[in-house]
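A.B. asks: Just so it is clear, I am handing over upload_6.pdb, which has PDB, C-alpha atoms.
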ATOM      1  CA  MET A   1     -10.016 -32.771 -50.945
ATOM      2  CA  TYR A   2     -12.186 -29.681 -51.326
ATOM      3  CA  ASP A   3     -10.994 -26.216 -50.210
ATOM      4  CA  TRP A   4     -11.985 -25.107 -53.706
ATOM      5  CA  ARG A   5     -10.876 -21.701 -54.933
ATOM      6  CA  PHE A   6     -12.561 -19.906 -57.817
ATOM      7  CA  GLU A   7      -9.940 -21.192 -60.254
ATOM      8  CA  ASP A   8     -10.542 -24.827 -59.153
ATOM      9  CA  MET A   9     -14.267 -24.904 -59.813
ATOM     10  CA  ALA A  10     -16.258 -25.977 -62.864
ATOM     11  CA  PRO A  11     -19.881 -26.968 -63.468
ATOM     12  CA  GLY A  12     -20.596 -30.584 -62.573
ATOM     13  CA  MET A  13     -18.145 -30.848 -59.667
ATOM     14  CA  ARG A  14     -19.853 -32.557 -56.744
ATOM     15  CA  PHE A  15     -19.440 -32.392 -52.995
ATOM     16  CA  GLU A  16     -20.757 -34.191 -49.941
ATOM     17  CA  SER A  17     -20.532 -33.454 -46.223
ATOM     18  CA  LEU A  18     -20.522 -35.694 -43.175
ATOM     19  CA  GLY A  19     -23.837 -36.125 -41.338
ATOM     20  CA  LYS A  20     -25.408 -34.607 -38.210
ATOM     21  CA  THR A  21     -28.060 -36.307 -36.066
ATOM     22  CA  LEU A  22     -30.738 -33.921 -34.824
ATOM     23  CA  SER A  23     -32.050 -34.690 -31.335
ATOM     24  CA  GLU A  24     -35.555 -33.771 -30.228
ATOM     25  CA  ALA A  25     -34.039 -31.407 -27.655
ATOM     26  CA  GLU A  26     -32.026 -29.540 -30.277
ATOM     27  CA  ILE A  27     -35.001 -29.314 -32.658
ATOM     28  CA  ILE A  28     -37.205 -27.855 -29.917
ATOM     29  CA  ASP A  29     -34.508 -25.474 -28.623
ATOM     30  CA  PHE A  30     -33.744 -24.082 -32.078
ATOM     31  CA  ALA A  31     -37.398 -23.611 -32.991
ATOM     32  CA  PHE A  32     -38.261 -22.103 -29.616
ATOM     33  CA  GLN A  33     -35.794 -19.322 -30.396
ATOM     34  CA  TYR A  34     -36.128 -18.897 -34.171
ATOM     35  CA  ASP A  35     -39.360 -20.514 -35.400
ATOM     36  CA  PRO A  36     -41.705 -21.149 -32.442
ATOM     37  CA  GLN A  37     -44.579 -22.775 -34.275
ATOM     38  CA  PRO A  38     -46.382 -25.460 -32.262
ATOM     39  CA  PHE A  39     -45.541 -28.385 -34.569
ATOM     40  CA  HIS A  40     -41.836 -27.649 -33.910
ATOM     41  CA  ILE A  41     -41.948 -27.172 -30.116
ATOM     42  CA  ASP A  42     -44.996 -28.946 -28.578
ATOM     43  CA  ALA A  43     -44.780 -32.749 -28.679
ATOM     44  CA  ALA A  44     -48.430 -33.435 -27.789
ATOM     45  CA  TYR A  45     -49.748 -30.852 -30.259
ATOM     46  CA  ALA A  46     -47.468 -32.169 -32.978
ATOM     47  CA  GLU A  47     -48.490 -35.774 -32.280
ATOM     48  CA  ALA A  48     -52.125 -34.916 -33.055
ATOM     49  CA  GLY A  49     -51.217 -32.779 -36.081
ATOM     50  CA  PRO A  50     -50.633 -33.501 -39.760
ATOM     51  CA  TYR A  51     -47.027 -34.672 -39.297
ATOM     52  CA  GLY A  52     -47.798 -37.086 -36.409
ATOM     53  CA  GLY A  53     -44.948 -35.709 -34.307
ATOM     54  CA  ILE A  54     -42.425 -32.920 -33.950
ATOM     55  CA  ILE A  55     -40.561 -31.896 -37.096
ATOM     56  CA  ALA A  56     -37.514 -29.648 -37.375
ATOM     57  CA  SER A  57     -37.856 -26.023 -38.437
ATOM     58  CA  GLY A  58     -36.846 -25.639 -42.065
ATOM     59  CA  ILE A  59     -34.476 -22.876 -40.934
ATOM     60  CA  HIS A  60     -32.795 -25.389 -38.620
ATOM     61  CA  THR A  61     -32.376 -27.745 -41.584
ATOM     62  CA  ILE A  62     -30.761 -24.985 -43.676
ATOM     63  CA  GLY A  63     -28.425 -23.992 -40.836
ATOM     64  CA  THR A  64     -27.364 -27.564 -40.143
ATOM     65  CA  ALA A  65     -26.797 -28.315 -43.823
ATOM     66  CA  LEU A  66     -24.793 -25.117 -44.263
ATOM     67  CA  ARG A  67     -22.667 -25.817 -41.178
ATOM     68  CA  MET A  68     -21.862 -29.321 -42.439
ATOM     69  CA  MET A  69     -20.945 -27.860 -45.850
ATOM     70  CA  VAL A  70     -18.709 -25.187 -44.291
ATOM     71  CA  GLN A  71     -17.117 -27.833 -42.066
ATOM     72  CA  ALA A  72     -16.424 -30.003 -45.123
ATOM     73  CA  ARG A  73     -14.488 -26.999 -46.517
ATOM     74  CA  VAL A  74     -16.155 -27.182 -49.922
ATOM     75  CA  PHE A  75     -15.145 -23.568 -50.657
ATOM     76  CA  ALA A  76     -11.735 -22.382 -49.376
ATOM     77  CA  PRO A  77     -12.924 -20.310 -46.383
ATOM     78  CA  GLU A  78     -10.549 -17.398 -46.915
ATOM     79  CA  THR A  79     -11.882 -16.835 -50.447
ATOM     80  CA  VAL A  80     -15.606 -16.653 -49.616
ATOM     81  CA  LEU A  81     -17.092 -13.142 -49.791
ATOM     82  CA  GLY A  82     -20.712 -13.833 -48.839
ATOM     83  CA  SER A  83     -23.945 -14.656 -50.631
ATOM     84  CA  PRO A  84     -26.492 -12.419 -52.361
ATOM     85  CA  GLY A  85     -29.299 -14.915 -51.805
ATOM     86  CA  VAL A  86     -31.102 -18.089 -52.713
ATOM     87  CA  GLU A  87     -33.004 -18.736 -55.937
ATOM     88  CA  GLU A  88     -35.103 -21.616 -54.760
ATOM     89  CA  LEU A  89     -35.479 -23.527 -51.551
ATOM     90  CA  ARG A  90     -37.770 -26.500 -51.063
ATOM     91  CA  TRP A  91     -38.571 -28.459 -47.958
ATOM     92  CA  VAL A  92     -39.432 -31.768 -49.591
ATOM     93  CA  GLN A  93     -39.902 -34.002 -46.603
ATOM     94  CA  PRO A  94     -40.019 -33.528 -42.803
ATOM     95  CA  VAL A  95     -36.871 -33.907 -40.680
ATOM     96  CA  ARG A  96     -37.755 -35.686 -37.439
ATOM     97  CA  PRO A  97     -35.966 -36.189 -34.107
ATOM     98  CA  GLY A  98     -33.242 -38.798 -34.532
ATOM     99  CA  ASP A  99     -32.813 -38.159 -38.262
ATOM    100  CA  THR A 100     -29.284 -37.678 -39.574
ATOM    101  CA  ILE A 101     -28.875 -35.177 -42.379
ATOM    102  CA  ARG A 102     -25.982 -34.376 -44.651
ATOM    103  CA  SER A 103     -25.354 -31.975 -47.510
ATOM    104  CA  THR A 104     -24.614 -33.047 -51.042
ATOM    105  CA  GLY A 105     -24.369 -30.780 -54.019
ATOM    106  CA  GLU A 106     -23.080 -29.755 -57.373
ATOM    107  CA  ILE A 107     -21.449 -26.670 -58.856
ATOM    108  CA  LEU A 108     -23.803 -25.283 -61.520
ATOM    109  CA  GLU A 109     -22.040 -22.190 -62.858
ATOM    110  CA  VAL A 110     -18.718 -20.412 -62.357
ATOM    111  CA  ARG A 111     -18.139 -16.958 -63.812
ATOM    112  CA  ALA A 112     -16.280 -13.724 -63.251
ATOM    113  CA  SER A 113     -18.185 -10.681 -62.059
ATOM    114  CA  GLN A 114     -18.588  -8.065 -64.817
ATOM    115  CA  SER A 115     -18.556  -5.126 -62.431
ATOM    116  CA  ARG A 116     -15.989  -6.301 -59.859
ATOM    117  CA  PRO A 117     -12.967  -8.028 -61.388
ATOM    118  CA  GLU A 118     -11.703  -9.336 -58.038
ATOM    119  CA  ARG A 119     -14.920 -11.249 -57.534
ATOM    120  CA  GLY A 120     -16.106 -14.600 -58.894
ATOM    121  CA  ILE A 121     -19.697 -15.813 -58.845
ATOM    122  CA  VAL A 122     -20.466 -19.471 -58.119
ATOM    123  CA  ARG A 123     -23.961 -20.938 -58.408
ATOM    124  CA  TYR A 124     -24.492 -24.314 -56.761
ATOM    125  CA  ARG A 125     -27.259 -26.697 -55.879
ATOM    126  CA  MET A 126     -27.412 -28.314 -52.459
ATOM    127  CA  ASP A 127     -29.513 -31.399 -51.734
ATOM    128  CA  VAL A 128     -29.922 -32.343 -48.102
ATOM    129  CA  LEU A 129     -30.372 -36.080 -47.564
ATOM    130  CA  ASN A 130     -31.421 -38.101 -44.525
ATOM    131  CA  GLN A 131     -30.068 -41.457 -43.298
ATOM    132  CA  ARG A 132     -32.303 -43.278 -45.804
ATOM    133  CA  ASP A 133     -30.851 -41.178 -48.643
ATOM    134  CA  GLU A 134     -34.193 -39.430 -49.087
ATOM    135  CA  VAL A 135     -34.019 -35.789 -50.154
ATOM    136  CA  VAL A 136     -35.416 -33.594 -47.372
ATOM    137  CA  MET A 137     -34.417 -30.187 -48.759
ATOM    138  CA  THR A 138     -33.102 -28.707 -52.001
ATOM    139  CA  MET A 139     -31.603 -25.278 -52.491
ATOM    140  CA  THR A 140     -30.017 -23.350 -55.364
ATOM    141  CA  SER A 141     -27.817 -20.514 -54.169
ATOM    142  CA  THR A 142     -24.977 -18.215 -55.196
ATOM    143  CA  THR A 143     -21.742 -17.434 -53.396
ATOM    144  CA  PHE A 144     -19.198 -14.718 -54.152
ATOM    145  CA  VAL A 145     -15.582 -15.885 -54.044
ATOM    146  CA  ARG A 146     -12.323 -14.024 -54.479
ATOM    147  CA  ARG A 147     -10.486 -14.385 -57.808
ATOM    148  CA  GLN A 148      -6.736 -14.470 -58.202
ATOM    149  CA  PRO A 149      -5.420 -11.604 -60.334
ATOM    150  CA  ALA A 150      -4.771 -12.959 -63.831
ATOM    151  CA  ALA A 151      -1.084 -13.706 -64.492
ATOM    152  CA  GLY A 152       0.382 -10.885 -66.555
ATOM    153  CA  ALA A 153      -2.552  -8.561 -65.918
ATOM    154  CA  ALA A 154      -1.762  -4.867 -65.673
ATOM    155  CA  ALA A 155      -1.136  -3.924 -62.040
TER     156      ALA A 155
ATOM    157  CA  MET B   1     -54.931  -7.571 -34.653
ATOM    158  CA  TYR B   2     -53.563 -10.392 -36.803
ATOM    159  CA  ASP B   3     -54.156 -14.078 -35.940
ATOM    160  CA  TRP B   4     -55.291 -14.374 -39.557
ATOM    161  CA  ARG B   5     -57.087 -17.534 -40.646
ATOM    162  CA  PHE B   6     -57.363 -18.602 -44.273
ATOM    163  CA  GLU B   7     -60.802 -17.004 -44.570
ATOM    164  CA  ASP B   8     -59.495 -13.650 -43.277
ATOM    165  CA  MET B   9     -56.712 -13.212 -45.813
ATOM    166  CA  ALA B  10     -56.644 -11.437 -49.171
ATOM    167  CA  PRO B  11     -53.890 -10.124 -51.434
ATOM    168  CA  GLY B  12     -52.576  -6.732 -50.376
ATOM    169  CA  MET B  13     -53.047  -7.192 -46.619
ATOM    170  CA  ARG B  14     -49.919  -6.009 -44.818
ATOM    171  CA  PHE B  15     -48.241  -6.956 -41.576
ATOM    172  CA  GLU B  16     -45.359  -5.734 -39.438
ATOM    173  CA  SER B  17     -43.576  -7.203 -36.426
ATOM    174  CA  LEU B  18     -41.799  -5.622 -33.506
ATOM    175  CA  GLY B  19     -38.003  -5.368 -33.719
ATOM    176  CA  LYS B  20     -35.082  -7.402 -32.326
ATOM    177  CA  THR B  21     -31.597  -5.994 -31.676
ATOM    178  CA  LEU B  22     -28.808  -8.417 -32.586
ATOM    179  CA  SER B  23     -25.779  -8.285 -30.305
ATOM    180  CA  GLU B  24     -22.296  -9.196 -31.480
ATOM    181  CA  ALA B  25     -22.304 -12.119 -29.033
ATOM    182  CA  GLU B  26     -25.531 -13.536 -30.456
ATOM    183  CA  ILE B  27     -24.346 -13.091 -34.060
ATOM    184  CA  ILE B  28     -21.101 -14.938 -33.312
ATOM    185  CA  ASP B  29     -22.803 -17.699 -31.277
ATOM    186  CA  PHE B  30     -25.392 -18.406 -33.953
ATOM    187  CA  ALA B  31     -22.868 -18.467 -36.775
ATOM    188  CA  PHE B  32     -20.399 -20.572 -34.787
ATOM    189  CA  GLN B  33     -23.043 -23.283 -34.656
ATOM    190  CA  TYR B  34     -24.835 -22.927 -37.989
ATOM    191  CA  ASP B  35     -22.701 -20.895 -40.430
ATOM    192  CA  PRO B  36     -19.108 -20.733 -39.161
ATOM    193  CA  GLN B  37     -17.583 -18.601 -41.890
ATOM    194  CA  PRO B  38     -14.823 -16.270 -40.691
ATOM    195  CA  PHE B  39     -16.611 -12.993 -41.529
ATOM    196  CA  HIS B  40     -19.393 -14.061 -39.119
ATOM    197  CA  ILE B  41     -17.273 -15.280 -36.184
ATOM    198  CA  ASP B  42     -13.790 -13.675 -36.239
ATOM    199  CA  ALA B  43     -13.785  -9.947 -35.434
ATOM    200  CA  ALA B  44     -10.201  -9.243 -36.553
ATOM    201  CA  TYR B  45     -10.593 -11.202 -39.807
ATOM    202  CA  ALA B  46     -13.905  -9.495 -40.509
ATOM    203  CA  GLU B  47     -12.445  -6.060 -39.777
ATOM    204  CA  ALA B  48      -9.878  -6.530 -42.558
ATOM    205  CA  GLY B  49     -12.415  -8.074 -44.957
ATOM    206  CA  PRO B  50     -14.854  -6.640 -47.506
ATOM    207  CA  TYR B  51     -17.547  -5.807 -44.935
ATOM    208  CA  GLY B  52     -15.215  -3.986 -42.526
ATOM    209  CA  GLY B  53     -16.520  -5.921 -39.531
ATOM    210  CA  ILE B  54     -18.611  -8.878 -38.418
ATOM    211  CA  ILE B  55     -21.944  -9.350 -40.185
ATOM    212  CA  ALA B  56     -24.778 -11.677 -39.203
ATOM    213  CA  SER B  57     -25.287 -14.982 -40.987
ATOM    214  CA  GLY B  58     -28.128 -14.705 -43.475
ATOM    215  CA  ILE B  59     -29.655 -17.773 -41.809
ATOM    216  CA  HIS B  60     -29.663 -15.882 -38.515
ATOM    217  CA  THR B  61     -31.480 -13.015 -40.232
ATOM    218  CA  ILE B  62     -34.134 -15.389 -41.605
ATOM    219  CA  GLY B  63     -34.618 -17.076 -38.224
ATOM    220  CA  THR B  64     -34.911 -13.775 -36.363
ATOM    221  CA  ALA B  65     -37.331 -12.336 -38.915
ATOM    222  CA  LEU B  66     -39.443 -15.500 -38.824
ATOM    223  CA  ARG B  67     -39.508 -15.553 -35.020
ATOM    224  CA  MET B  68     -40.661 -11.934 -34.896
ATOM    225  CA  MET B  69     -43.371 -12.718 -37.479
ATOM    226  CA  VAL B  70     -44.554 -15.790 -35.532
ATOM    227  CA  GLN B  71     -44.514 -13.752 -32.321
ATOM    228  CA  ALA B  72     -46.635 -11.042 -33.996
ATOM    229  CA  ARG B  73     -49.177 -13.834 -34.694
ATOM    230  CA  VAL B  74     -49.633 -12.855 -38.332
ATOM    231  CA  PHE B  75     -51.096 -16.314 -39.100
ATOM    232  CA  ALA B  76     -53.324 -17.931 -36.438
ATOM    233  CA  PRO B  77     -50.824 -20.479 -35.057
ATOM    234  CA  GLU B  78     -53.288 -23.370 -34.789
ATOM    235  CA  THR B  79     -54.105 -23.124 -38.507
ATOM    236  CA  VAL B  80     -50.555 -23.264 -39.892
ATOM    237  CA  LEU B  81     -49.616 -26.568 -41.545
ATOM    238  CA  GLY B  82     -46.020 -25.865 -42.599
ATOM    239  CA  SER B  83     -44.248 -24.507 -45.660
ATOM    240  CA  PRO B  84     -43.179 -26.186 -48.895
ATOM    241  CA  GLY B  85     -40.392 -23.703 -49.476
ATOM    242  CA  VAL B  86     -39.182 -20.301 -50.554
ATOM    243  CA  GLU B  87     -39.294 -18.892 -54.085
ATOM    244  CA  GLU B  88     -36.718 -16.195 -53.668
ATOM    245  CA  LEU B  89     -34.550 -14.944 -50.888
ATOM    246  CA  ARG B  90     -32.176 -11.996 -51.143
ATOM    247  CA  TRP B  91     -29.701 -10.651 -48.650
ATOM    248  CA  VAL B  92     -29.677  -7.047 -49.793
ATOM    249  CA  GLN B  93     -27.518  -5.441 -47.157
ATOM    250  CA  PRO B  94     -25.393  -6.639 -44.212
ATOM    251  CA  VAL B  95     -26.855  -6.887 -40.702
ATOM    252  CA  ARG B  96     -24.243  -5.743 -38.178
ATOM    253  CA  PRO B  97     -23.906  -6.020 -34.392
ATOM    254  CA  GLY B  98     -26.273  -3.555 -32.741
ATOM    255  CA  ASP B  99     -28.688  -3.455 -35.664
ATOM    256  CA  THR B 100     -32.383  -3.865 -34.912
ATOM    257  CA  ILE B 101     -34.396  -5.783 -37.480
ATOM    258  CA  ARG B 102     -38.101  -6.287 -37.939
ATOM    259  CA  SER B 103     -40.328  -8.107 -40.401
ATOM    260  CA  THR B 104     -42.799  -6.392 -42.662
ATOM    261  CA  GLY B 105     -44.761  -8.025 -45.406
ATOM    262  CA  GLU B 106     -47.724  -8.433 -47.642
ATOM    263  CA  ILE B 107     -50.075 -11.247 -48.593
ATOM    264  CA  LEU B 108     -49.646 -11.933 -52.328
ATOM    265  CA  GLU B 109     -52.033 -14.789 -53.081
ATOM    266  CA  VAL B 110     -54.657 -16.836 -51.218
ATOM    267  CA  ARG B 111     -56.128 -19.950 -52.778
ATOM    268  CA  ALA B 112     -57.578 -23.350 -51.962
ATOM    269  CA  SER B 113     -55.522 -26.455 -52.637
ATOM    270  CA  GLN B 114     -56.853 -28.425 -55.617
ATOM    271  CA  SER B 115     -55.763 -31.779 -54.251
ATOM    272  CA  ARG B 116     -56.436 -31.296 -50.525
ATOM    273  CA  PRO B 117     -59.703 -29.487 -49.777
ATOM    274  CA  GLU B 118     -58.861 -28.951 -46.095
ATOM    275  CA  ARG B 119     -55.761 -26.982 -47.060
ATOM    276  CA  GLY B 120     -55.308 -23.375 -48.146
ATOM    277  CA  ILE B 121     -52.198 -21.979 -49.800
ATOM    278  CA  VAL B 122     -50.938 -18.505 -48.903
ATOM    279  CA  ARG B 123     -48.076 -16.795 -50.730
ATOM    280  CA  TYR B 124     -46.533 -13.801 -49.020
ATOM    281  CA  ARG B 125     -43.602 -11.467 -49.317
ATOM    282  CA  MET B 126     -41.518 -10.569 -46.296
ATOM    283  CA  ASP B 127     -39.165  -7.566 -46.218
ATOM    284  CA  VAL B 128     -36.794  -7.352 -43.295
ATOM    285  CA  LEU B 129     -35.907  -3.771 -42.353
ATOM    286  CA  ASN B 130     -33.260  -2.346 -40.031
ATOM    287  CA  GLN B 131     -33.522   0.610 -37.626
ATOM    288  CA  ARG B 132     -32.897   3.027 -40.520
ATOM    289  CA  ASP B 133     -35.798   1.458 -42.463
ATOM    290  CA  GLU B 134     -33.335   0.045 -45.001
ATOM    291  CA  VAL B 135     -34.280  -3.319 -46.505
ATOM    292  CA  VAL B 136     -31.724  -5.939 -45.436
ATOM    293  CA  MET B 137     -33.518  -9.058 -46.702
ATOM    294  CA  THR B 138     -36.471  -9.932 -48.928
ATOM    295  CA  MET B 139     -38.208 -13.285 -49.202
ATOM    296  CA  THR B 140     -41.209 -14.679 -51.066
ATOM    297  CA  SER B 141     -42.576 -17.821 -49.476
ATOM    298  CA  THR B 142     -45.650 -20.043 -49.232
ATOM    299  CA  THR B 143     -47.435 -21.360 -46.149
ATOM    300  CA  PHE B 144     -50.130 -24.023 -45.930
ATOM    301  CA  VAL B 145     -53.025 -23.115 -43.646
ATOM    302  CA  ARG B 146     -56.106 -25.044 -42.583
ATOM    303  CA  ARG B 147     -59.432 -24.117 -44.230
ATOM    304  CA  GLN B 148     -62.768 -24.188 -42.493
ATOM    305  CA  PRO B 149     -65.201 -26.685 -44.057
ATOM    306  CA  ALA B 150     -67.597 -24.708 -46.289
ATOM    307  CA  ALA B 151     -70.970 -24.069 -44.634
ATOM    308  CA  GLY B 152     -73.496 -26.576 -45.995
ATOM    309  CA  ALA B 153     -70.777 -28.781 -47.535
ATOM    310  CA  ALA B 154     -71.459 -32.512 -47.606
ATOM    311  CA  ALA B 155     -70.005 -34.205 -44.507
TER     312      ALA B 155
END
Could you spell out this file's structure in structure tokens?
C.D. replies:
Amino acid sequence: MYDWRFEDMAPGMRFESLGKTLSEAEIIDFAFQYDPQPFHIDAAYAEAGPYGGIIASGIHTIGTALRMMVQARVFAPETVLGSPGVEELRWVQPVRPGDTIRSTGEILEVRASQSRPERGIVRYRMDVLNQRDEVVMTMTSTTFVRRQPAAGAAA
Amino acid sequence: MYDWRFEDMAPGMRFESLGKTLSEAEIIDFAFQYDPQPFHIDAAYAEAGPYGGIIASGIHTIGTALRMMVQARVFAPETVLGSPGVEELRWVQPVRPGDTIRSTGEILEVRASQSRPERGIVRYRMDVLNQRDEVVMTMTSTTFVRRQPAAGAAA
């Protein structure tokens, strides 16, 4: 239902992934390697802290949301050429052990690259929701995707 | 030399972490779990693609840079209260197997929270450099840190 190519996309098109439940073990393991702050990896410390328990690293939330989006095949994988970056990223609410998160989103802008005719530029917004449909993260990002040569274009 | 608390920080202060070499195995393993796009996990596909070989997931770059910054103890760990998000994040250049990346950065702004007197707000810029001192990623982000009660403040 997705597998969108550049030519398929238009502003307003929406997507949604399946969910992933984050265990305490996975949250601690990820943070221990990539974001070892005590409120992500030390249960007793986190219990006494401002969040009242361990919360997932925001990087873990991005990675999980991105994986679920890739797995949903929103963009046709063989057309994706990478991303130049993220405009805005907000961690709105903590993700806690046992929470299930999924990615939802919307295409914001679809345009051809001025400098590289084989390349299209797609801006999209991704909202990550938990099992109570609360937004835990929002992100606006850009992806480069391959364009088909225009029919009848000079070779 | 770091372990900065809110009261220690001022705009213009700079930090730098030690480096981390990313192996091809680690790049593929990370991306397989959190960003399974073919130019991150399939060597033959990536070889024929626009980057001419496997490149690290941008999420892997963020996580590695953050880990090295946490490990350098830029902010005193027991004062950090989490992050509301990232203003801007750019992947400027690919990170390839064998590359060594490190975090450098600068404090941009230090101010007290208006609504929560126990909380300070620190904006910083992080530049991630490779072994040739080329910038591979830039990020501007905010962290909440605990403030000391003002001396002589009402209890």
A.B. asks: Taking all atoms listed in the file into account, what are the residues of chain A at most 6 Å from chain B, put as a compact mmCIF listing (two decimals) with C-alpha atoms, in the frame of the given file?
C.D. replies:
# COMPACT_ATOMS: atom_id res chain seq x y z
CA TYR A 34 -36.13 -18.90 -34.17
CA ASP A 35 -39.36 -20.51 -35.40
CA GLY A 63 -28.42 -23.99 -40.84
CA THR A 64 -27.36 -27.56 -40.14
CA ARG A 67 -22.67 -25.82 -41.18
CA PRO A 84 -26.49 -12.42 -52.36
CA GLY A 85 -29.30 -14.92 -51.80
CA VAL A 86 -31.10 -18.09 -52.71
CA GLU A 87 -33.00 -18.74 -55.94
CA GLU A 88 -35.10 -21.62 -54.76
CA LEU A 89 -35.48 -23.53 -51.55
CA ARG A 90 -37.77 -26.50 -51.06
CA TRP A 91 -38.57 -28.46 -47.96
A.B. asks: In Å to one decimal, how far is atom CA of Val136 of chain A from atom CA of Phe144 of chain B?
C.D. replies: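 If I compute the distance from atom CA of Phe144 of chain B to atom CA of Val136 of chain A, I get 17.6 Å.
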A.B. asks: Using Å and a single decimal, report how far atom CA of Val128 of chain B sits from atom CA of Ala43 of chain B.
C.D. replies: 24.5 Å
A.B. asks: Run the PyMOL selection byres ((chain B and resi 133) around 12) against the file shown and list the residues it catches, as number ranges by chain.
C.D. replies: B: 19, 93, 99-104, 127-132, 134-137
A.B. asks: Within 8 Å of Gln148 of chain A, counting all atoms listed in the file, which residues show up once you throw out same-chain ones fewer than 4 positions away? Write them as a list in words, please.
C.D. replies: Phe6, Glu7 and Glu118 of chain A
A.B. asks: If I take atom CA of Pro11 of chain A and atom CA of Val122 of chain A, how far is one from the other in Å, to one decimal?
C.D. replies: 9.2 Å
A.B. asks: Excluding Ser23 of chain B and any residue of its chain fewer than 3 positions from it, enumerate the residues within 9 Å of it, using all atoms listed in the file, and give them as a list in words.
C.D. replies: Glu26, Ile27, Ile28, Arg96, Pro97, Gly98 and Asp99 of chain B
